[in-house]
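Here is input-v1.pdb, consisting of PDB, C-alpha atoms:
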```pdb
ATOM      1  CA  MET M   1     102.299  77.968  71.853  1.00  0.00           C
ATOM      2  CA  GLN M   2      99.376  78.349  74.233  1.00  0.00           C
ATOM      3  CA  TRP M   3     100.267  80.250  77.407  1.00  0.00           C
ATOM      4  CA  SER M   4      98.392  79.374  80.566  1.00  0.00           C
ATOM      5  CA  ARG M   5      97.417  82.120  83.006  1.00  0.00           C
ATOM      6  CA  GLU M   6     100.115  80.964  85.438  1.00  0.00           C
ATOM      7  CA  GLN M   7     102.753  81.077  82.699  1.00  0.00           C
ATOM      8  CA  GLN M   8     101.693  84.581  81.734  1.00  0.00           C
ATOM      9  CA  ILE M   9     101.957  85.736  85.345  1.00  0.00           C
ATOM     10  CA  PHE M  10     105.309  83.981  85.726  1.00  0.00           C
ATOM     11  CA  TYR M  11     106.581  85.853  82.665  1.00  0.00           C
ATOM     12  CA  LEU M  12     105.174  89.237  83.722  1.00  0.00           C
ATOM     13  CA  GLN M  13     106.503  88.993  87.273  1.00  0.00           C
ATOM     14  CA  ARG M  14     110.037  88.874  85.891  1.00  0.00           C
ATOM     15  CA  LEU M  15     109.830  92.082  83.870  1.00  0.00           C
ATOM     16  CA  PRO M  16     111.997  95.003  85.023  1.00  0.00           C
ATOM     17  CA  TRP M  17     109.484  96.572  87.386  1.00  0.00           C
ATOM     18  CA  THR M  18     110.277  99.803  89.222  1.00  0.00           C
ATOM     19  CA  ILE M  19     110.332  98.703  92.858  1.00  0.00           C
ATOM     20  CA  ILE M  20     110.077 101.477  95.428  1.00  0.00           C
ATOM     21  CA  PRO M  21     110.846 101.142  99.145  1.00  0.00           C
ATOM     22  CA  GLU M  22     108.330 102.984 101.314  1.00  0.00           C
ATOM     23  CA  PRO M  23     108.436 103.898 105.004  1.00  0.00           C
ATOM     24  CA  GLY M  24     106.875 101.250 107.259  1.00  0.00           C
ATOM     25  CA  ASP M  25     104.494 101.870 110.148  1.00  0.00           C
ATOM     26  CA  ASP M  26     106.885 100.588 112.776  1.00  0.00           C
ATOM     27  CA  PRO M  27     110.651 100.218 113.103  1.00  0.00           C
ATOM     28  CA  GLY M  28     111.672  96.989 111.396  1.00  0.00           C
ATOM     29  CA  ASP M  29     108.788  97.053 108.935  1.00  0.00           C
ATOM     30  CA  PHE M  30     109.703  96.730 105.292  1.00  0.00           C
ATOM     31  CA  VAL M  31     107.345  98.036 102.614  1.00  0.00           C
ATOM     32  CA  LEU M  32     107.833  97.785  98.847  1.00  0.00           C
ATOM     33  CA  THR M  33     105.579  98.994  96.066  1.00  0.00           C
ATOM     34  CA  ILE M  34     105.725  98.856  92.277  1.00  0.00           C
ATOM     35  CA  ALA M  35     105.440 102.175  90.467  1.00  0.00           C
ATOM     36  CA  GLU M  36     103.719 100.753  87.392  1.00  0.00           C
ATOM     37  CA  VAL M  37     101.181  98.712  89.381  1.00  0.00           C
ATOM     38  CA  PRO M  38      99.996 100.680  92.443  1.00  0.00           C
ATOM     39  CA  ALA M  39      97.920  97.695  93.580  1.00  0.00           C
ATOM     40  CA  ALA M  40     101.125  95.699  94.114  1.00  0.00           C
ATOM     41  CA  ILE M  41     102.198  96.245  97.718  1.00  0.00           C
ATOM     42  CA  GLY M  42     104.514  94.076  99.790  1.00  0.00           C
ATOM     43  CA  THR M  43     104.999  94.269 103.536  1.00  0.00           C
ATOM     44  CA  GLY M  44     107.051  92.197 105.935  1.00  0.00           C
ATOM     45  CA  THR M  45     109.518  92.196 108.767  1.00  0.00           C
ATOM     46  CA  SER M  46     112.455  90.881 106.741  1.00  0.00           C
ATOM     47  CA  GLU M  47     113.801  91.511 103.263  1.00  0.00           C
ATOM     48  CA  LYS M  48     112.952  87.989 102.180  1.00  0.00           C
ATOM     49  CA  ALA M  49     109.407  88.249 103.515  1.00  0.00           C
ATOM     50  CA  VAL M  50     108.677  91.611 101.933  1.00  0.00           C
ATOM     51  CA  ILE M  51     109.958  90.536  98.504  1.00  0.00           C
ATOM     52  CA  ALA M  52     107.874  87.351  98.603  1.00  0.00           C
ATOM     53  CA  ASP M  53     104.813  89.343  99.673  1.00  0.00           C
ATOM     54  CA  LEU M  54     105.359  91.953  96.955  1.00  0.00           C
ATOM     55  CA  PHE M  55     105.478  89.346  94.196  1.00  0.00           C
ATOM     56  CA  GLU M  56     102.418  87.568  95.561  1.00  0.00           C
ATOM     57  CA  SER M  57     100.591  90.895  95.530  1.00  0.00           C
ATOM     58  CA  LEU M  58     101.859  91.626  92.011  1.00  0.00           C
ATOM     59  CA  ALA M  59     100.629  88.221  90.828  1.00  0.00           C
ATOM     60  CA  SER M  60      97.180  88.940  92.241  1.00  0.00           C
ATOM     61  CA  ALA M  61      97.023  92.335  90.504  1.00  0.00           C
ATOM     62  CA  LEU M  62      98.321  90.964  87.194  1.00  0.00           C
ATOM     63  CA  ALA M  63      95.807  88.128  87.265  1.00  0.00           C
ATOM     64  CA  SER M  64      92.967  90.608  87.661  1.00  0.00           C
ATOM     65  CA  TYR M  65      93.997  92.412  84.471  1.00  0.00           C
ATOM     66  CA  LEU M  66      94.533  89.205  82.506  1.00  0.00           C
ATOM     67  CA  ASP M  67      91.245  87.689  83.679  1.00  0.00           C
ATOM     68  CA  ALA M  68      89.481  90.788  82.357  1.00  0.00           C
ATOM     69  CA  ASN M  69      91.318  90.449  79.016  1.00  0.00           C
ATOM     70  CA  GLU M  70      93.109  93.706  79.699  1.00  0.00           C
ATOM     71  CA  ARG M  71      96.843  94.248  79.228  1.00  0.00           C
ATOM     72  CA  PRO M  72      98.332  95.198  82.599  1.00  0.00           C
ATOM     73  CA  PRO M  73     100.421  98.340  82.965  1.00  0.00           C
ATOM     74  CA  LEU M  74     103.998  97.431  82.049  1.00  0.00           C
ATOM     75  CA  PRO M  75     107.480  98.805  82.601  1.00  0.00           C
ATOM     76  CA  ARG M  76     108.480 101.272  79.894  1.00  0.00           C
ATOM     77  CA  ARG M  77     111.286  99.156  78.471  1.00  0.00           C
ATOM     78  CA  VAL M  78     109.111  96.146  77.697  1.00  0.00           C
ATOM     79  CA  ARG M  79     108.686  95.391  74.027  1.00  0.00           C
ATOM     80  CA  LEU M  80     105.173  94.930  72.783  1.00  0.00           C
ATOM     81  CA  PRO M  81     103.233  92.934  71.935  1.00  0.00           C
ATOM     82  CA  LEU M  82     103.616  90.427  74.735  1.00  0.00           C
ATOM     83  CA  PRO M  83     104.620  86.899  73.677  1.00  0.00           C
ATOM     84  CA  TRP M  84     101.081  85.509  73.857  1.00  0.00           C
ATOM     85  CA  GLU M  85      99.499  88.436  72.025  1.00  0.00           C
ATOM     86  CA  ALA M  86      98.760  88.637  68.317  1.00  0.00           C
ATOM     87  CA  GLY M  87     101.588  90.100  66.273  1.00  0.00           C
ATOM     88  CA  TYR M  88     104.411  88.906  68.506  1.00  0.00           C
ATOM     89  CA  ARG M  89     107.561  88.436  66.415  1.00  0.00           C
ATOM     90  CA  LYS M  90     110.070  85.704  67.017  1.00  0.00           C
ATOM     91  CA  SER M  91     113.850  86.180  67.078  1.00  0.00           C
ATOM     92  CA  SER M  92     113.885  89.728  68.390  1.00  0.00           C
ATOM     93  CA  GLN M  93     114.623  88.961  72.019  1.00  0.00           C
ATOM     94  CA  ARG M  94     117.924  89.228  73.840  1.00  0.00           C
ATOM     95  CA  ARG M  95     118.775  87.701  77.146  1.00  0.00           C
ATOM     96  CA  VAL M  96     120.728  90.065  79.382  1.00  0.00           C
ATOM     97  CA  ARG M  97     122.272  89.199  82.709  1.00  0.00           C
ATOM     98  CA  ILE M  98     123.288  92.087  84.905  1.00  0.00           C
ATOM     99  CA  VAL M  99     125.357  91.638  88.023  1.00  0.00           C
ATOM    100  CA  MET M 100     125.497  94.678  90.263  1.00  0.00           C
ATOM    101  CA  SER M 101     127.903  95.281  93.079  1.00  0.00           C
ATOM    102  CA  ALA M 102     129.130  98.309  94.969  1.00  0.00           C
ATOM    103  CA  HIS M 103     132.211  98.595  92.762  1.00  0.00           C
ATOM    104  CA  SER M 104     131.298  97.410  89.314  1.00  0.00           C
ATOM    105  CA  SER M 105     128.655  96.064  87.044  1.00  0.00           C
ATOM    106  CA  GLU M 106     128.924  93.694  84.171  1.00  0.00           C
ATOM    107  CA  ILE M 107     126.482  92.852  81.462  1.00  0.00           C
ATOM    108  CA  GLU M 108     126.447  89.567  79.617  1.00  0.00           C
ATOM    109  CA  GLU M 109     124.335  89.300  76.524  1.00  0.00           C
ATOM    110  CA  GLU M 110     123.193  86.064  75.021  1.00  0.00           C
ATOM    111  CA  PRO M 111     121.065  86.155  71.881  1.00  0.00           C
ATOM    112  CA  ILE M 112     118.008  83.956  71.765  1.00  0.00           C
ATOM    113  CA  ASN M 113     117.075  82.844  68.299  1.00  0.00           C
ATOM    114  CA  ASP M 114     113.554  81.705  68.885  1.00  0.00           C
ATOM    115  CA  VAL M 115     110.486  82.753  70.743  1.00  0.00           C
ATOM    116  CA  LEU M 116     110.773  83.000  74.507  1.00  0.00           C
ATOM    117  CA  THR M 117     108.983  80.359  76.484  1.00  0.00           C
ATOM    118  CA  PRO M 118     107.660  81.176  79.941  1.00  0.00           C
ATOM    119  CA  PHE M 119     110.734  79.549  81.399  1.00  0.00           C
ATOM    120  CA  GLU M 120     113.240  81.576  79.392  1.00  0.00           C
ATOM    121  CA  VAL M 121     112.411  84.922  80.865  1.00  0.00           C
ATOM    122  CA  THR M 122     115.121  87.459  81.430  1.00  0.00           C
ATOM    123  CA  SER M 123     115.437  87.660  85.180  1.00  0.00           C
ATOM    124  CA  GLY M 124     113.649  87.320  88.480  1.00  0.00           C
ATOM    125  CA  PRO M 125     114.152  87.630  92.192  1.00  0.00           C
ATOM    126  CA  GLN M 126     116.106  84.379  92.225  1.00  0.00           C
ATOM    127  CA  ASP M 127     118.701  86.010  89.922  1.00  0.00           C
ATOM    128  CA  TRP M 128     119.283  89.114  91.984  1.00  0.00           C
ATOM    129  CA  VAL M 129     122.798  89.509  93.278  1.00  0.00           C
ATOM    130  CA  PRO M 130     122.794  92.025  96.107  1.00  0.00           C
ATOM    131  CA  ALA M 131     125.472  94.690  96.222  1.00  0.00           C
ATOM    132  CA  ASN M 132     128.143  94.150  98.859  1.00  0.00           C
TER
ATOM    133  CA  MET A   1      81.196 103.500 111.253  1.00  0.00           C
ATOM    134  CA  GLY A   2      77.962 103.819 109.306  1.00  0.00           C
ATOM    135  CA  ASN A   3      78.572 106.297 106.532  1.00  0.00           C
ATOM    136  CA  TRP A   4      81.038 105.151 103.898  1.00  0.00           C
ATOM    137  CA  ARG A   5      81.474 108.699 102.551  1.00  0.00           C
ATOM    138  CA  LYS A   6      82.464 109.931 105.989  1.00  0.00           C
ATOM    139  CA  LEU A   7      84.806 106.975 106.301  1.00  0.00           C
ATOM    140  CA  LEU A   8      86.420 107.713 102.940  1.00  0.00           C
ATOM    141  CA  LYS A   9      86.834 111.360 103.813  1.00  0.00           C
ATOM    142  CA  GLU A  10      88.527 110.449 107.069  1.00  0.00           C
ATOM    143  CA  MET A  11      90.854 108.088 105.246  1.00  0.00           C
ATOM    144  CA  ALA A  12      91.698 110.714 102.634  1.00  0.00           C
ATOM    145  CA  LEU A  13      92.453 113.420 105.192  1.00  0.00           C
ATOM    146  CA  ASP A  14      94.377 111.144 107.552  1.00  0.00           C
ATOM    147  CA  ASP A  15      98.137 111.630 107.284  1.00  0.00           C
ATOM    148  CA  ARG A  16      98.754 108.338 109.065  1.00  0.00           C
ATOM    149  CA  PRO A  17      95.726 106.103 108.434  1.00  0.00           C
ATOM    150  CA  THR A  18      96.420 103.370 110.972  1.00  0.00           C
ATOM    151  CA  ASN A  19      92.928 102.695 112.240  1.00  0.00           C
ATOM    152  CA  TYR A  20      91.164 101.054 109.297  1.00  0.00           C
ATOM    153  CA  THR A  21      90.362  97.437 108.629  1.00  0.00           C
ATOM    154  CA  TYR A  22      90.014  95.446 105.426  1.00  0.00           C
ATOM    155  CA  SER A  23      86.282  95.577 105.995  1.00  0.00           C
ATOM    156  CA  ASP A  24      86.338  99.405 106.146  1.00  0.00           C
ATOM    157  CA  ALA A  25      88.338  99.709 102.942  1.00  0.00           C
ATOM    158  CA  SER A  26      86.299  97.146 101.038  1.00  0.00           C
ATOM    159  CA  ARG A  27      83.047  98.831 102.079  1.00  0.00           C
ATOM    160  CA  VAL A  28      84.264 102.090 100.552  1.00  0.00           C
ATOM    161  CA  LEU A  29      85.334 100.338  97.364  1.00  0.00           C
ATOM    162  CA  ILE A  30      82.028  98.459  97.002  1.00  0.00           C
ATOM    163  CA  ASN A  31      80.123 101.731  97.318  1.00  0.00           C
ATOM    164  CA  LEU A  32      82.300 103.267  94.609  1.00  0.00           C
ATOM    165  CA  GLY A  33      81.413 100.398  92.271  1.00  0.00           C
ATOM    166  CA  PHE A  34      84.523  98.226  92.656  1.00  0.00           C
ATOM    167  CA  THR A  35      84.218  94.456  92.506  1.00  0.00           C
ATOM    168  CA  LEU A  36      86.492  91.864  94.043  1.00  0.00           C
ATOM    169  CA  ALA A  37      88.584  90.040  91.449  1.00  0.00           C
ATOM    170  CA  PRO A  38      88.707  86.232  91.642  1.00  0.00           C
ATOM    171  CA  GLN A  39      91.018  85.303  94.489  1.00  0.00           C
ATOM    172  CA  ARG A  40      94.329  83.572  94.141  1.00  0.00           C
ATOM    173  CA  SER A  41      95.992  81.895  97.076  1.00  0.00           C
ATOM    174  CA  GLY A  42      97.136  83.972 100.018  1.00  0.00           C
ATOM    175  CA  SER A  43      95.654  87.031 101.669  1.00  0.00           C
ATOM    176  CA  HIS A  44      96.095  89.575  98.868  1.00  0.00           C
ATOM    177  CA  ARG A  45      92.830  90.830  97.434  1.00  0.00           C
ATOM    178  CA  THR A  46      92.438  92.839  94.252  1.00  0.00           C
ATOM    179  CA  TRP A  47      89.509  95.175  93.680  1.00  0.00           C
ATOM    180  CA  ARG A  48      88.655  96.428  90.205  1.00  0.00           C
ATOM    181  CA  LEU A  49      86.564  99.261  88.808  1.00  0.00           C
ATOM    182  CA  GLU A  50      85.764  98.951  85.109  1.00  0.00           C
ATOM    183  CA  ARG A  51      85.622 102.303  83.318  1.00  0.00           C
ATOM    184  CA  LYS A  52      84.267 102.893  79.836  1.00  0.00           C
ATOM    185  CA  GLY A  53      87.061 103.783  77.443  1.00  0.00           C
ATOM    186  CA  LEU A  54      89.653 103.926  80.207  1.00  0.00           C
ATOM    187  CA  PRO A  55      91.929 101.345  81.848  1.00  0.00           C
ATOM    188  CA  SER A  56      90.390  99.659  84.871  1.00  0.00           C
ATOM    189  CA  LEU A  57      91.211 101.013  88.293  1.00  0.00           C
ATOM    190  CA  VAL A  58      92.830  98.360  90.457  1.00  0.00           C
ATOM    191  CA  VAL A  59      93.341  98.541  94.225  1.00  0.00           C
ATOM    192  CA  GLY A  60      95.284  95.996  96.250  1.00  0.00           C
ATOM    193  CA  LEU A  61      94.444  95.166  99.861  1.00  0.00           C
ATOM    194  CA  VAL A  62      95.247  92.413 102.323  1.00  0.00           C
ATOM    195  CA  GLU A  63      92.455  90.516 104.051  1.00  0.00           C
ATOM    196  CA  ASN A  64      93.736  90.114 107.558  1.00  0.00           C
ATOM    197  CA  GLY A  65      90.645  89.390 109.570  1.00  0.00           C
ATOM    198  CA  HIS A  66      89.707  92.121 112.011  1.00  0.00           C
ATOM    199  CA  GLY A  67      93.242  93.513 112.253  1.00  0.00           C
ATOM    200  CA  LYS A  68      94.135  96.989 111.092  1.00  0.00           C
ATOM    201  CA  LEU A  69      95.580  97.434 107.638  1.00  0.00           C
ATOM    202  CA  LYS A  70      99.087  98.788 107.199  1.00  0.00           C
ATOM    203  CA  THR A  71      98.912 102.483 106.334  1.00  0.00           C
ATOM    204  CA  VAL A  72     100.438 101.900 102.896  1.00  0.00           C
ATOM    205  CA  TYR A  73      97.294 100.073 101.731  1.00  0.00           C
ATOM    206  CA  ILE A  74      94.978 102.953 102.636  1.00  0.00           C
ATOM    207  CA  LYS A  75      97.388 105.550 101.281  1.00  0.00           C
ATOM    208  CA  LYS A  76      97.692 103.728  97.954  1.00  0.00           C
ATOM    209  CA  MET A  77      93.943 103.239  97.761  1.00  0.00           C
ATOM    210  CA  ILE A  78      93.312 106.960  98.328  1.00  0.00           C
ATOM    211  CA  SER A  79      96.058 107.856  95.871  1.00  0.00           C
ATOM    212  CA  THR A  80      94.518 105.599  93.205  1.00  0.00           C
ATOM    213  CA  LEU A  81      91.038 107.039  93.762  1.00  0.00           C
ATOM    214  CA  GLY A  82      92.417 110.580  93.729  1.00  0.00           C
ATOM    215  CA  SER A  83      94.459 110.132  90.560  1.00  0.00           C
ATOM    216  CA  ALA A  84      91.367 108.770  88.816  1.00  0.00           C
ATOM    217  CA  GLY A  85      89.405 111.903  89.717  1.00  0.00           C
ATOM    218  CA  LEU A  86      87.051 110.152  92.128  1.00  0.00           C
ATOM    219  CA  LEU A  87      87.920 112.410  95.059  1.00  0.00           C
ATOM    220  CA  ASP A  88      87.830 116.161  95.476  1.00  0.00           C
ATOM    221  CA  SER A  89      90.518 118.048  97.355  1.00  0.00           C
ATOM    222  CA  HIS A  90      88.656 117.572 100.633  1.00  0.00           C
ATOM    223  CA  GLY A  91      88.393 113.791 100.263  1.00  0.00           C
ATOM    224  CA  GLY A  92      84.760 114.005  99.241  1.00  0.00           C
ATOM    225  CA  VAL A  93      83.152 112.011  96.450  1.00  0.00           C
ATOM    226  CA  ASP A  94      81.285 113.530  93.546  1.00  0.00           C
ATOM    227  CA  ASP A  95      77.857 111.873  93.224  1.00  0.00           C
ATOM    228  CA  ALA A  96      78.280 111.861  89.450  1.00  0.00           C
ATOM    229  CA  VAL A  97      81.140 109.378  89.647  1.00  0.00           C
ATOM    230  CA  VAL A  98      79.586 106.979  92.128  1.00  0.00           C
ATOM    231  CA  ALA A  99      78.049 103.905  90.550  1.00  0.00           C
TER
END
```

Produce structure tokens that represent the structure in this file.
Amino acid sequence: MQWSREQQIFYLQRLPWTIIPEPGDDPGDFVLTIAEVPAAIGTGTSEKAVIADLFESLASALASYLDANERPPLPRRVRLPLPWEAGYRKSSQRRVRIVMSAHSSEIEEEPINDVLTPFEVTSGPQDWVPAN
Amino acid sequence: MGNWRKLLKEMALDDRPTNYTYSDASRVLINLGFTLAPQRSGSHRTWRLERKGLPSLVVGLVENGHGKLKTVYIKKMISTLGSAGLLDSHGGVDDAVVA
């Protein structure tokens, strides 16, 4: 399968990045950064806005690595090689859904028996369930 | 501000760098040899410095016209330059590392 640049970015954006809240300049400012990709910085005046901005910034940084044929820095837990790279092995992926709340967490595992497509990635902002 | 080295030093020594624009930051990066990566949609801009035998250095900024950048952008830029050994402890630049 041939992965387009947009599909690669879509896949990478949904990896388990280490997202760090930072102090804002003014009260009400939200700032998020990604430890593995210092160039990824999100700012905004609401949670929704700062998350959207962070992932737009991450996409821009990831694209710069991919355009230069360089593997971007990745979270530690990510298995290599990446799905579009030489040597990628099928049938070694697991899909894991984690729901976090203030009182409990549950993990559902669902084996995937074939290669991941860009639209079968593990999780993304749309899957986050905030703690109550 | 005319001298990019002076500008960089000020940024590096500023605990709360609130007074810098996208233009200021990009001028410093250009003088250090960074190039602007092809733009995607939106205002995020990515600057890259290719290094022989080492991963590229990548700095993220936001192009917001003549407005001041949020401090986090300057702080991250300085942190990236510092961790790559481009800055000395006083925020100065070694001529040997400047393209």

| said: The residues within 10 Å of (93.3, 88.4, 97.5), using only C-alpha atoms and the coordinates of the file, should be reported as a PyMOL selection string; which are they? | reply: (chain M and resi 56-57+59-61) or (chain A and resi 36-47+60-63)

Would you save the residues from that selection as a compact mmCIF listing (two decimals), keeping the file's coordinate frame, using C-alpha atoms?
```txt
# COMPACT_ATOMS: atom_id res chain seq x y z
CA GLU M 56 102.42 87.57 95.56
CA SER M 57 100.59 90.90 95.53
CA ALA M 59 100.63 88.22 90.83
CA SER M 60 97.18 88.94 92.24
CA ALA M 61 97.02 92.34 90.50
CA LEU A 36 86.49 91.86 94.04
CA ALA A 37 88.58 90.04 91.45
CA PRO A 38 88.71 86.23 91.64
CA GLN A 39 91.02 85.30 94.49
CA ARG A 40 94.33 83.57 94.14
CA SER A 41 95.99 81.90 97.08
CA GLY A 42 97.14 83.97 100.02
CA SER A 43 95.65 87.03 101.67
CA HIS A 44 96.10 89.58 98.87
CA ARG A 45 92.83 90.83 97.43
CA THR A 46 92.44 92.84 94.25
CA TRP A 47 89.51 95.18 93.68
CA GLY A 60 95.28 96.00 96.25
CA LEU A 61 94.44 95.17 99.86
CA VAL A 62 95.25 92.41 102.32
CA GLU A 63 92.46 90.52 104.05
```

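Interatomic distance, atom CA of M:Phe10 against atom CA of M:Leu62: 10.0 Å.
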
| Top pick for closest residue to A:Arg51, considering A:Lys6, A:Thr71, A:Ala84, A:Ala12 and counting all atoms listed in the file | A:Ala84

| Selection near A:Leu49, 9 Å with all atoms listed in the file, sequence-local residues under 5 positions removed, as an MDAnalysis selection string | chainID A and resid 29 32:35 56:59

Written file, previous selection with C-alpha atoms, as a short mmCIF file (atom, residue, chain, number, x, y, z; two decimals), keeping the file's coordinate frame:
```cif
data_model
loop_
_atom_site.label_atom_id
_atom_site.label_comp_id
_atom_site.auth_asym_id
_atom_site.auth_seq_id
_atom_site.Cartn_x
_atom_site.Cartn_y
_atom_site.Cartn_z
CA LEU A 29 85.33 100.34 97.36
CA LEU A 32 82.30 103.27 94.61
CA GLY A 33 81.41 100.40 92.27
CA PHE A 34 84.52 98.23 92.66
CA THR A 35 84.22 94.46 92.51
CA SER A 56 90.39 99.66 84.87
CA LEU A 57 91.21 101.01 88.29
CA VAL A 58 92.83 98.36 90.46
CA VAL A 59 93.34 98.54 94.22
#
```

| task | Starting from the displayed file, determine the output of the PyMOL selection byres ((chain M) within 9 of (chain A)) and express the residue list as a ChimeraX atom specification. | result | /M:22-25,31,37-41,43,53,56-61,63-65,67,70,72

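Going from atom CA of A:Ser83 to atom CA of M:Phe30 covers 25.1 Å.
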
| task | Give me the residues within 7 Å of A:Leu8 as a VMD selection string, counting only C-alpha atoms and dropping any in the same chain fewer than 3 places off. | result | chain A and resid 4 to 5 11 to 12 28 91

| query | Pick from A:Ala25, A:Leu54, A:Val93, A:Leu87: nearest to A:Ile74, with only C-alpha atoms counted? | reply | A:Ala25

Per residue of stretch 63-93 of chain M within 8 Å of stretch 11-20 of chain M, record the nearest atom pair and its distance in Å to one decimal, counting only C-alpha atoms, with rows in chain order and ascending residue number, as CSV.
```
residue,atom,partner,partner_atom,distance
M:Leu74,CA,M:Trp17,CA,7.7
M:Pro75,CA,M:Trp17,CA,5.6
M:Arg77,CA,M:Pro16,CA,7.8
M:Val78,CA,M:Leu15,CA,7.4
```

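Interatomic distance, atom CA of M:Ile9 against atom CA of A:Thr21: 28.5 Å.
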
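Here the PyMOL selection byres ((chain A and resi 67) around 10) catches exactly these residues: Asn19, Tyr20, Thr21, Tyr22, Ser23, Glu63, Asn64, Gly65, His66, Lys68, Leu69 and Lys70 of chain A.
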
| task | For A:Asp88, work out the shell of residues within 10 Å, counting only C-alpha atoms and skipping chain neighbours fewer than 6 positions away, then give it as a VMD selection string. | result | chain A and resid 9 12 81 to 82 94

Would you fill out stretch 69-84 of chain A with N, CA and C atoms and return it as a PDB file, in the coordinates of the input?
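Result file is out.pdb:
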```
ATOM      1  N   LEU A  69      94.725  97.487 108.821  1.00  0.00           N
ATOM      2  CA  LEU A  69      95.580  97.434 107.638  1.00  0.00           C
ATOM      3  C   LEU A  69      96.814  98.304 107.841  1.00  0.00           C
ATOM      4  N   LYS A  70      97.912  97.914 107.219  1.00  0.00           N
ATOM      5  CA  LYS A  70      99.087  98.788 107.199  1.00  0.00           C
ATOM      6  C   LYS A  70      98.693 100.081 106.478  1.00  0.00           C
ATOM      7  N   THR A  71      99.298 101.183 106.902  1.00  0.00           N
ATOM      8  CA  THR A  71      98.912 102.483 106.334  1.00  0.00           C
ATOM      9  C   THR A  71      99.133 102.539 104.824  1.00  0.00           C
ATOM     10  N   VAL A  72     100.131 101.816 104.330  1.00  0.00           N
ATOM     11  CA  VAL A  72     100.438 101.900 102.896  1.00  0.00           C
ATOM     12  C   VAL A  72      99.250 101.468 102.050  1.00  0.00           C
ATOM     13  N   TYR A  73      98.442 100.536 102.521  1.00  0.00           N
ATOM     14  CA  TYR A  73      97.294 100.073 101.731  1.00  0.00           C
ATOM     15  C   TYR A  73      96.242 101.182 101.584  1.00  0.00           C
ATOM     16  N   ILE A  74      95.971 101.869 102.692  1.00  0.00           N
ATOM     17  CA  ILE A  74      94.978 102.953 102.636  1.00  0.00           C
ATOM     18  C   ILE A  74      95.530 104.119 101.815  1.00  0.00           C
ATOM     19  N   LYS A  75      96.812 104.418 102.023  1.00  0.00           N
ATOM     20  CA  LYS A  75      97.388 105.550 101.281  1.00  0.00           C
ATOM     21  C   LYS A  75      97.357 105.281  99.782  1.00  0.00           C
ATOM     22  N   LYS A  76      97.702 104.063  99.384  1.00  0.00           N
ATOM     23  CA  LYS A  76      97.692 103.728  97.954  1.00  0.00           C
ATOM     24  C   LYS A  76      96.270 103.733  97.404  1.00  0.00           C
ATOM     25  N   MET A  77      95.339 103.244  98.203  1.00  0.00           N
ATOM     26  CA  MET A  77      93.943 103.239  97.761  1.00  0.00           C
ATOM     27  C   MET A  77      93.468 104.674  97.521  1.00  0.00           C
ATOM     28  N   ILE A  78      93.729 105.556  98.467  1.00  0.00           N
ATOM     29  CA  ILE A  78      93.312 106.960  98.328  1.00  0.00           C
ATOM     30  C   ILE A  78      94.023 107.609  97.142  1.00  0.00           C
ATOM     31  N   SER A  79      95.299 107.303  96.986  1.00  0.00           N
ATOM     32  CA  SER A  79      96.058 107.856  95.871  1.00  0.00           C
ATOM     33  C   SER A  79      95.476 107.399  94.533  1.00  0.00           C
ATOM     34  N   THR A  80      95.105 106.125  94.446  1.00  0.00           N
ATOM     35  CA  THR A  80      94.518 105.599  93.205  1.00  0.00           C
ATOM     36  C   THR A  80      93.173 106.267  92.922  1.00  0.00           C
ATOM     37  N   LEU A  81      92.346 106.399  93.944  1.00  0.00           N
ATOM     38  CA  LEU A  81      91.038 107.039  93.762  1.00  0.00           C
ATOM     39  C   LEU A  81      91.206 108.508  93.376  1.00  0.00           C
ATOM     40  N   GLY A  82      92.174 109.160  94.015  1.00  0.00           N
ATOM     41  CA  GLY A  82      92.417 110.580  93.729  1.00  0.00           C
ATOM     42  C   GLY A  82      92.934 110.793  92.312  1.00  0.00           C
ATOM     43  N   SER A  83      93.877 109.940  91.895  1.00  0.00           N
ATOM     44  CA  SER A  83      94.459 110.132  90.560  1.00  0.00           C
ATOM     45  C   SER A  83      93.441 109.820  89.468  1.00  0.00           C
ATOM     46  N   ALA A  84      92.412 109.073  89.800  1.00  0.00           N
ATOM     47  CA  ALA A  84      91.367 108.770  88.816  1.00  0.00           C
ATOM     48  C   ALA A  84      90.252 109.822  88.848  1.00  0.00           C
TER      49      ALA A  84
END
```
